[in-house]
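Data from model-v3.cif: mmCIF, C-alpha atoms
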data_run
#
loop_
_atom_site.label_atom_id
_atom_site.label_comp_id
_atom_site.auth_asym_id
_atom_site.auth_seq_id
_atom_site.Cartn_x
_atom_site.Cartn_y
_atom_site.Cartn_z
CA MET A 23 -6.68 12.37 1.37
CA THR A 24 -5.02 13.11 4.68
CA ASP A 25 -7.01 12.82 7.88
CA ARG A 26 -6.18 12.48 11.58
CA ASP A 27 -5.48 8.75 11.32
CA SER A 28 -3.47 8.79 8.08
CA ALA A 29 -1.42 12.02 8.38
CA ALA A 30 1.62 10.24 9.86
CA TRP A 31 1.47 7.54 7.15
CA TRP A 32 1.66 10.18 4.42
CA GLU A 33 4.66 11.74 6.16
CA LEU A 34 6.42 8.35 6.23
CA VAL A 35 5.69 7.80 2.53
CA ALA A 36 7.09 11.25 1.72
CA GLN A 37 10.32 10.03 3.36
CA GLY A 38 10.32 6.89 1.19
CA ARG A 39 9.28 4.59 4.05
CA LEU A 40 6.56 1.96 3.82
CA GLU A 41 4.94 1.26 7.19
CA VAL A 42 1.58 0.02 8.40
CA GLN A 43 -0.08 0.17 11.78
CA GLU A 44 0.53 -2.68 14.20
CA CYS A 45 -1.86 -3.22 17.11
CA SER A 46 0.04 -2.95 20.40
CA HIS A 47 -2.29 -5.52 21.97
CA CYS A 48 -2.79 -8.34 19.43
CA GLY A 49 -0.10 -7.55 16.82
CA THR A 50 -2.50 -7.27 13.86
CA LEU A 51 -0.99 -5.35 10.95
CA ARG A 52 -3.46 -3.01 9.29
CA PHE A 53 -3.86 -0.51 6.50
CA PRO A 54 -5.29 2.02 5.97
CA ALA A 55 -4.53 3.74 9.25
CA ARG A 56 -7.43 3.93 11.67
CA ALA A 57 -8.06 4.60 15.33
CA PHE A 58 -9.18 1.09 16.39
CA CYS A 59 -7.85 -2.40 15.74
CA PRO A 60 -10.46 -4.29 13.69
CA ARG A 61 -9.55 -7.51 15.49
CA CYS A 62 -9.50 -6.60 19.21
CA ARG A 63 -10.83 -3.00 19.15
CA THR A 64 -7.80 -1.65 21.05
CA GLU A 65 -6.84 1.98 20.42
CA GLU A 66 -3.11 1.46 21.05
CA TRP A 67 -0.82 0.90 18.08
CA ARG A 68 2.60 1.68 16.63
CA TRP A 69 4.06 2.04 13.14
CA HIS A 70 5.60 -1.15 11.77
CA ALA A 71 8.07 -1.07 8.86
CA VAL A 72 7.28 -3.57 6.11
CA GLU A 73 9.40 -4.64 3.18
CA PRO A 74 8.35 -2.53 0.15
CA VAL A 75 7.55 -5.70 -1.81
CA ALA A 76 4.11 -6.92 -2.81
CA GLU A 77 2.21 -9.13 -5.25
CA VAL A 78 -0.20 -7.83 -7.88
CA ASP A 79 -3.75 -8.75 -6.94
CA SER A 80 -5.67 -6.89 -9.66
CA TRP A 81 -5.62 -3.69 -11.71
CA ILE A 82 -7.69 -1.29 -13.75
CA VAL A 83 -6.80 1.00 -16.63
CA GLU A 84 -8.10 4.56 -16.34
CA ARG A 85 -8.64 5.56 -19.96
CA ARG A 86 -10.00 9.05 -19.25
CA THR A 87 -6.44 10.23 -18.66
CA THR A 88 -3.87 10.90 -21.37
CA PRO A 89 -1.95 8.70 -21.48
CA PRO A 90 -4.11 6.01 -19.82
CA THR A 91 -3.08 5.22 -16.23
CA THR A 92 -2.91 1.69 -14.84
CA ILE A 93 -3.73 1.43 -11.14
CA VAL A 94 -2.73 -1.78 -9.35
CA ARG A 95 -4.02 -3.35 -6.18
CA VAL A 96 -1.25 -5.23 -4.38
CA ARG A 97 -0.93 -7.49 -1.34
CA LEU A 98 2.10 -6.82 0.85
CA ALA A 99 4.64 -9.66 1.09
CA ASP A 100 5.03 -9.08 4.85
CA ALA A 101 1.25 -8.95 5.42
CA PRO A 102 -0.72 -10.65 2.60
CA HIS A 103 -4.06 -9.59 4.12
CA VAL A 104 -3.04 -5.92 3.68
CA VAL A 105 -3.85 -4.41 0.28
CA MET A 106 -2.66 -1.11 -1.16
CA TYR A 107 -3.25 0.73 -4.41
CA GLY A 108 -0.88 2.71 -6.57
CA ASN A 109 0.06 3.63 -10.12
CA TRP A 110 1.82 1.01 -12.24
CA ARG A 111 5.37 1.98 -13.25
CA ALA A 112 6.11 -0.14 -16.33
CA GLU A 113 5.53 0.07 -20.06
CA ARG A 114 3.60 -3.19 -20.09
CA GLU A 115 0.51 -4.53 -18.38
CA PRO A 116 0.95 -6.13 -14.93
CA ALA A 117 0.45 -9.87 -14.44
CA PRO A 118 -1.60 -11.52 -11.69
CA GLY A 119 0.67 -12.60 -8.84
CA GLU A 120 3.63 -10.62 -10.17
CA ARG A 121 6.17 -9.49 -7.55
CA VAL A 122 6.48 -5.72 -7.40
CA GLY A 123 8.40 -3.15 -5.41
CA ALA A 124 7.30 0.20 -4.07
CA VAL A 125 8.48 3.28 -5.94
CA PHE A 126 8.47 6.62 -4.13
CA ASP A 127 8.91 9.02 -7.05
CA GLU A 128 6.03 11.48 -6.81
CA GLY A 129 6.23 12.97 -3.34
CA PRO A 130 3.88 11.39 -0.82
CA LYS A 131 2.64 8.59 -3.05
CA VAL A 132 3.37 4.87 -3.38
CA ASN A 133 3.64 3.49 -6.92
CA TRP A 134 4.51 -0.08 -7.89
CA ALA A 135 7.00 -1.48 -10.43
CA PRO A 136 7.91 -5.05 -11.44
CA LEU A 137 10.73 -6.81 -9.59
CA THR A 138 10.81 -9.76 -11.97
CA ARG A 139 9.27 -10.40 -15.34
CA PRO A 140 6.45 -13.01 -15.22
#
Here is the file; what I need is its structure written in the form of structure tokens.
Amino acid sequence: MTDRDSAAWWELVAQGRLEVQECSHCGTLRFPARAFCPRCRTEEWRWHAVEPVAEVDSWIVERRTTPPTTIVRVRLADAPHVVMYGNWRAEREPAPGERVGAVFDEGPKVNWAPLTRP
């Protein structure tokens, strides 16, 4: 869902770029996009490119879809406190702590695929 704070993020993703907000005052990296820094409450920020690599934190399998869809929650390698969600792009189940890379294959959407086999 695009809103005032996230519109630019969706545009970056559509270009195949993974970026998060960085507070201009304290340097805190944050996602999802929002107007205020949760750490220092400053309203000034910039986009910060992050490596499109993460670690699987958890996942669910949505069985109401055909075929079932696995949705993973990942922690970014460049900012482990930042979590993102996306569809799993592999024929097998993910593993906890598995290294994954961002896949930009469905327009403005970030999916995740294994980088190495656990």
Considering only C-alpha atoms, state which residue in the set A:Val132, A:Val78, A:Val125, A:Cys48 is at the smallest distance from Glu66 (chain A).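 So, comparing all the options, the nearest one is A:Cys48.
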I'd like the neighbourhood of Glu44 (chain A) as a list in words, where a residue qualifies if any of its atoms comes within 9 Å (using all atoms listed in the file), though same-chain residues fewer than 2 positions away should be ignored. Val42, Ser46, His47, Cys48, Gly49, Thr50, Leu51, Arg52, Cys59, Glu66, Trp67, Arg68, Trp69 and His70 of chain A
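The closest residue to Glu128 (chain A), picked from A:Ala76, A:Ile93, A:Thr88, A:Gly108 and counting only C-alpha atoms, is A:Gly108.
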Which one of A:Arg97, A:Arg86, A:Arg56, A:Arg39 sits closest to Ala71 (chain A) if you count all atoms listed in the file?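 Among A:Arg97, A:Arg86, A:Arg56, A:Arg39, it is A:Arg39 that comes nearest to Ala71 (chain A).
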Could you list, as an mmCIF file with C-alpha atoms, in the coordinates of the input, every residue matched by the PyMOL selection byres ((chain A and resi 72) around 7) in this structure?
data_model
loop_
_atom_site.group_PDB
_atom_site.id
_atom_site.type_symbol
_atom_site.label_atom_id
_atom_site.label_comp_id
_atom_site.auth_asym_id
_atom_site.auth_seq_id
_atom_site.Cartn_x
_atom_site.Cartn_y
_atom_site.Cartn_z
ATOM 1 C CA LEU A 40 6.560 1.960 3.820
ATOM 2 C CA GLU A 41 4.940 1.260 7.190
ATOM 3 C CA HIS A 70 5.600 -1.150 11.770
ATOM 4 C CA ALA A 71 8.070 -1.070 8.860
ATOM 5 C CA GLU A 73 9.400 -4.640 3.180
ATOM 6 C CA PRO A 74 8.350 -2.530 0.150
ATOM 7 C CA ASP A 100 5.030 -9.080 4.850
#
Tell me which of A:Val75, A:Asp27, A:Pro90, A:Met106 sits closest to Thr138 (chain A), counting only C-alpha atoms.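 Looking only at the distances to Thr138 (chain A), the closest residue turns out to be A:Val75.
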Using all atoms listed in the file, which protein or nucleic acid residues come within 10 Å of region 116-118 of chain A? Drop anything in the same chain fewer than 4 positions from it, and give the result as a PDB file with C-alpha atoms, in the coordinates of the input.
ATOM      1  CA  GLU A  77       2.210  -9.130  -5.250  1.00  0.00           C
ATOM      2  CA  VAL A  78      -0.200  -7.830  -7.880  1.00  0.00           C
ATOM      3  CA  ASP A  79      -3.750  -8.750  -6.940  1.00  0.00           C
ATOM      4  CA  SER A  80      -5.670  -6.890  -9.660  1.00  0.00           C
ATOM      5  CA  TRP A  81      -5.620  -3.690 -11.710  1.00  0.00           C
ATOM      6  CA  ILE A  82      -7.690  -1.290 -13.750  1.00  0.00           C
ATOM      7  CA  THR A  92      -2.910   1.690 -14.840  1.00  0.00           C
ATOM      8  CA  ILE A  93      -3.730   1.430 -11.140  1.00  0.00           C
ATOM      9  CA  VAL A  94      -2.730  -1.780  -9.350  1.00  0.00           C
ATOM     10  CA  VAL A  96      -1.250  -5.230  -4.380  1.00  0.00           C
ATOM     11  CA  TRP A 110       1.820   1.010 -12.240  1.00  0.00           C
ATOM     12  CA  ARG A 111       5.370   1.980 -13.250  1.00  0.00           C
ATOM     13  CA  ALA A 112       6.110  -0.140 -16.330  1.00  0.00           C
ATOM     14  CA  VAL A 122       6.480  -5.720  -7.400  1.00  0.00           C
ATOM     15  CA  TRP A 134       4.510  -0.080  -7.890  1.00  0.00           C
ATOM     16  CA  ALA A 135       7.000  -1.480 -10.430  1.00  0.00           C
ATOM     17  CA  PRO A 136       7.910  -5.050 -11.440  1.00  0.00           C
ATOM     18  CA  ARG A 139       9.270 -10.400 -15.340  1.00  0.00           C
ATOM     19  CA  PRO A 140       6.450 -13.010 -15.220  1.00  0.00           C
TER      20      PRO A 140
END
List the spatial neighbours of Ser28 (chain A) as JSON, numbers by chain - criterion: any atom at most 10 Å away, all atoms listed in the file, same-chain residues fewer than 2 positions off excluded. {"A": [23, 24, 25, 26, 30, 31, 32, 33, 43, 53, 54, 55, 56, 57]}
Minimum-distance residue to Gly123 (chain A), chosen among A:Pro89, A:Arg61, A:Leu137, A:Ala101 (using all atoms listed in the file):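 Under the stated criterion, the closest residue is A:Leu137.
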In Å, how far is it from CA of Arg121 (chain A) to CA of Ala29 (chain A)?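 Distance between the two atoms: 27.8 Å.
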Figure out the distance between CA of Ala124 (chain A) and CA of Cys45 (chain A), please, to one decimal in Å.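 It comes out at 23.3 Å.
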Interatomic distance, CA of Phe126 (chain A) to CA of Val35 (chain A) (Å, one decimal):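 CA of Val35 (chain A) lies at a distance of 7.3 Å from CA of Phe126 (chain A).
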Please, can region 23-35 of chain A be completed to N, CA, C and O atoms and returned as a tab-separated table (two decimals), keeping the file's coordinate frame?
chain	number	residue	atom	x	y	z
A	23	MET	N	-6.04	11.43	0.48
A	23	MET	CA	-6.68	12.37	1.37
A	23	MET	C	-6.13	12.16	2.77
A	23	MET	O	-6.19	11.08	3.31
A	24	THR	N	-5.58	13.19	3.34
A	24	THR	CA	-5.02	13.11	4.68
A	24	THR	C	-6.10	13.40	5.71
A	24	THR	O	-6.87	14.33	5.57
A	25	ASP	N	-6.12	12.58	6.75
A	25	ASP	CA	-7.01	12.82	7.88
A	25	ASP	C	-6.21	12.55	9.16
A	25	ASP	O	-5.03	12.23	9.12
A	26	ARG	N	-6.85	12.64	10.29
A	26	ARG	CA	-6.18	12.48	11.58
A	26	ARG	C	-5.45	11.14	11.66
A	26	ARG	O	-4.32	11.07	12.15
A	27	ASP	N	-6.07	10.07	11.19
A	27	ASP	CA	-5.48	8.75	11.32
A	27	ASP	C	-4.37	8.48	10.30
A	27	ASP	O	-3.48	7.69	10.56
A	28	SER	N	-4.44	9.11	9.13
A	28	SER	CA	-3.47	8.79	8.08
A	28	SER	C	-2.36	9.82	7.90
A	28	SER	O	-1.42	9.58	7.14
A	29	ALA	N	-2.41	10.95	8.58
A	29	ALA	CA	-1.42	12.02	8.38
A	29	ALA	C	0.01	11.51	8.57
A	29	ALA	O	0.89	11.80	7.75
A	30	ALA	N	0.26	10.74	9.61
A	30	ALA	CA	1.62	10.24	9.86
A	30	ALA	C	2.05	9.27	8.76
A	30	ALA	O	3.23	9.24	8.38
A	31	TRP	N	1.13	8.48	8.24
A	31	TRP	CA	1.47	7.54	7.15
A	31	TRP	C	1.95	8.31	5.92
A	31	TRP	O	2.95	7.95	5.32
A	32	TRP	N	1.25	9.38	5.57
A	32	TRP	CA	1.66	10.18	4.42
A	32	TRP	C	3.03	10.80	4.63
A	32	TRP	O	3.83	10.91	3.70
A	33	GLU	N	3.34	11.20	5.86
A	33	GLU	CA	4.66	11.74	6.16
A	33	GLU	C	5.74	10.67	5.98
A	33	GLU	O	6.82	10.95	5.44
A	34	LEU	N	5.47	9.45	6.42
A	34	LEU	CA	6.42	8.35	6.23
A	34	LEU	C	6.65	8.08	4.75
A	34	LEU	O	7.79	7.89	4.31
A	35	VAL	N	5.58	8.04	3.97
A	35	VAL	CA	5.69	7.80	2.53
A	35	VAL	C	6.51	8.90	1.87
A	35	VAL	O	7.34	8.63	0.99
